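K.L.:
Questions regarding the structure given below will be posed in turn.
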Amino acid sequence: MTKKKSNTQTIGNKLTIIIILIGAVIGFTAPFIHIFLDKSSEVKVFGYYNARMFFYAIGVPITLFISSVATYFSSLFIHIALFRKIMIFISFMLMSISIYYITWSLWARNDFDEFYYYTSIIILSLLISYLFILFIKRTTKNAVRLSNIARNIKVLQGDSKRISDIASIMPSKEETITYKALIDVTGEDINVTIQEIVNEINKD
């Protein structure tokens with residue numbers, strides 16, 4: 001069972017790495033795709049004169065969107081609450097701006113009222129950003145939880161080592177033997193707790 005779960009986690013990690021790499025490639029190349037397209041083409045794309053102009057307009061917003069997703073994903077693993085909130089806010093704003101311009105690039109105004117057109121895009125970008133962030137948060141919930149557990153385990157291991165060091169240097173005299181035994185038991189209890197947490201994580 002443990003081997004099977006380990007293989008599943010390995011596959012999941014590889015899949016995550018592949019998705020990140022694909023996103024990075026798209027983010028890095030999006031602003032430059034228009035360079036390779038025919039500037040003399042007259043085939044309209046989403047209201048633009050040709051595909052070259054379309055990709056010129058949408059390239060940077062795509063890069064900004066992917067950057068905002070990476071920023072939000074990374075912020076979930078920040079353990080300092082204030083910094084985490086600041087980074088989440090920044091990523092939300094970047095995502096909203098990128099979606100605004102992506103929507104603007106795809107949705108031609110035509111005869112639509114200018115006020116309602118831009119208001120609709122703003123509302124839509126905020127709503128999509130919120131839903132997308134909610135989706136990322138839910139799908140990465142277990143990864144964040146395991147990261148927090150791993151961090152807490154390291155803290156417990158450090159505490160256990162300090163307790164063991166104190167017990168080892170404490171003299172075995174009559175007046176201190178009770179405290180020495182108590183410290184030894186406390187260290188053992190912490191080690192047992194750590195092992196229980198590890199077993200719970202690896203449980204199928």
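Letters A, B, ... mark the chains of the structure tokens in the order given; residue numbers begin at 1 per chain; ligand numbers begin at 1, in order shown.
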As a ChimeraX atom specification, please: the residues near A:Leu106 (cut-off 9 Å, only C-alpha atoms, same-chain neighbours under 4 positions excluded).
P.N.:
/A:45-47,54,58,101-102
K.L.:
List the neighbours of A:Thr103 out to 10 Å using only C-alpha atoms; skip same-chain residues closer than 5 positions along the sequence, and give me the result as a ChimeraX atom specification.
P.N.:
/A:58,61,97-98,108,121-122,124-125
K.L.:
How would the residues just picked look written out with all heavy atoms as a CSV table (one decimal), in the first residue's frame?
P.N.:
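The result, written out as result-v3.csv:
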```csv
chain,number,residue,atom,x,y,z
A,58,ILE,N,-2.7,40.2,-27.2
A,58,ILE,CA,-3.1,39.3,-26.1
A,58,ILE,C,-1.8,38.6,-25.4
A,58,ILE,O,-2.0,38.0,-24.4
A,58,ILE,CB,-4.0,38.2,-26.6
A,58,ILE,CG1,-4.8,37.6,-25.5
A,58,ILE,CG2,-3.3,37.1,-27.4
A,58,ILE,CD1,-5.9,36.6,-25.9
A,61,PRO,N,-0.8,40.1,-21.7
A,61,PRO,CA,-1.8,39.7,-20.7
A,61,PRO,C,-1.8,38.2,-20.4
A,61,PRO,O,-2.0,37.8,-19.2
A,61,PRO,CB,-3.2,40.0,-21.4
A,61,PRO,CG,-2.8,41.2,-22.3
A,61,PRO,CD,-1.5,40.8,-22.8
A,97,ILE,N,-6.3,42.1,-13.7
A,97,ILE,CA,-5.9,42.9,-14.7
A,97,ILE,C,-5.6,42.1,-16.0
A,97,ILE,O,-6.0,42.5,-17.1
A,97,ILE,CB,-4.6,43.7,-14.3
A,97,ILE,CG1,-4.9,44.7,-13.2
A,97,ILE,CG2,-4.0,44.4,-15.5
A,97,ILE,CD1,-3.7,45.3,-12.6
A,98,SER,N,-5.0,41.0,-15.8
A,98,SER,CA,-4.7,40.1,-17.0
A,98,SER,C,-5.9,39.6,-17.7
A,98,SER,O,-6.1,39.6,-18.9
A,98,SER,CB,-3.8,39.0,-16.6
A,98,SER,OG,-4.5,38.1,-15.7
A,108,ALA,N,-14.8,42.1,-28.9
A,108,ALA,CA,-14.9,43.4,-29.6
A,108,ALA,C,-16.1,44.1,-29.1
A,108,ALA,O,-17.2,43.6,-28.9
A,108,ALA,CB,-14.9,43.2,-31.1
A,121,ILE,N,-16.7,44.1,-18.5
A,121,ILE,CA,-15.4,43.5,-18.5
A,121,ILE,C,-14.7,43.5,-17.1
A,121,ILE,O,-14.1,42.5,-16.7
A,121,ILE,CB,-14.4,44.2,-19.5
A,121,ILE,CG1,-14.9,43.9,-20.9
A,121,ILE,CG2,-13.0,43.7,-19.4
A,121,ILE,CD1,-14.1,44.6,-22.0
A,122,ILE,N,-14.9,44.6,-16.4
A,122,ILE,CA,-14.3,44.8,-15.1
A,122,ILE,C,-15.0,43.8,-14.1
A,122,ILE,O,-14.3,43.0,-13.4
A,122,ILE,CB,-14.5,46.2,-14.5
A,122,ILE,CG1,-13.6,47.2,-15.3
A,122,ILE,CG2,-14.2,46.3,-13.0
A,122,ILE,CD1,-13.9,48.6,-15.0
A,124,LEU,N,-16.6,41.0,-14.9
A,124,LEU,CA,-16.3,39.7,-15.4
A,124,LEU,C,-14.8,39.3,-14.9
A,124,LEU,O,-14.6,38.1,-14.5
A,124,LEU,CB,-16.4,39.6,-16.9
A,124,LEU,CG,-16.3,38.2,-17.5
A,124,LEU,CD1,-17.5,37.3,-17.0
A,124,LEU,CD2,-16.3,38.3,-19.1
A,125,SER,N,-13.9,40.2,-15.1
A,125,SER,CA,-12.5,39.9,-14.7
A,125,SER,C,-12.4,39.6,-13.2
A,125,SER,O,-11.7,38.7,-12.8
A,125,SER,CB,-11.6,41.0,-15.1
A,125,SER,OG,-11.9,42.2,-14.5
```
K.L.:
Using DSSP secondary structure from the backbone, list all alpha helix (DSSP H) positions within stretch 45-146 of chain A, as number ranges by chain.
P.N.:
A: 51-75, 81-106, 114-139, 141-146
K.L.:
Take atom CA of A:Ser129 and atom CA of A:Thr63 and report the distance between them in Å, one decimal.
P.N.:
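Here the two named atoms are 15.1 Å from each other.
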K.L.:
Report the distance between atom CA of A:His34 and atom CA of A:Leu21 in Å, rounded to one decimal place.
P.N.:
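Here the two named atoms are 21.4 Å from each other.
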K.L.:
Can you pull out the residues contacting A:Ile26? Cut-off 10 Å, using only C-alpha atoms, and skip same-chain residues under 3 positions away; I want them as a PyMOL selection string.
P.N.:
chain A and resi 20-23+29-31+33+59+62-63+66
K.L.:
Find the distance between atom CA of A:Ile136 and atom CA of A:Val60 and write it in Å to one decimal.
P.N.:
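These atoms are spaced 22.0 Å apart.
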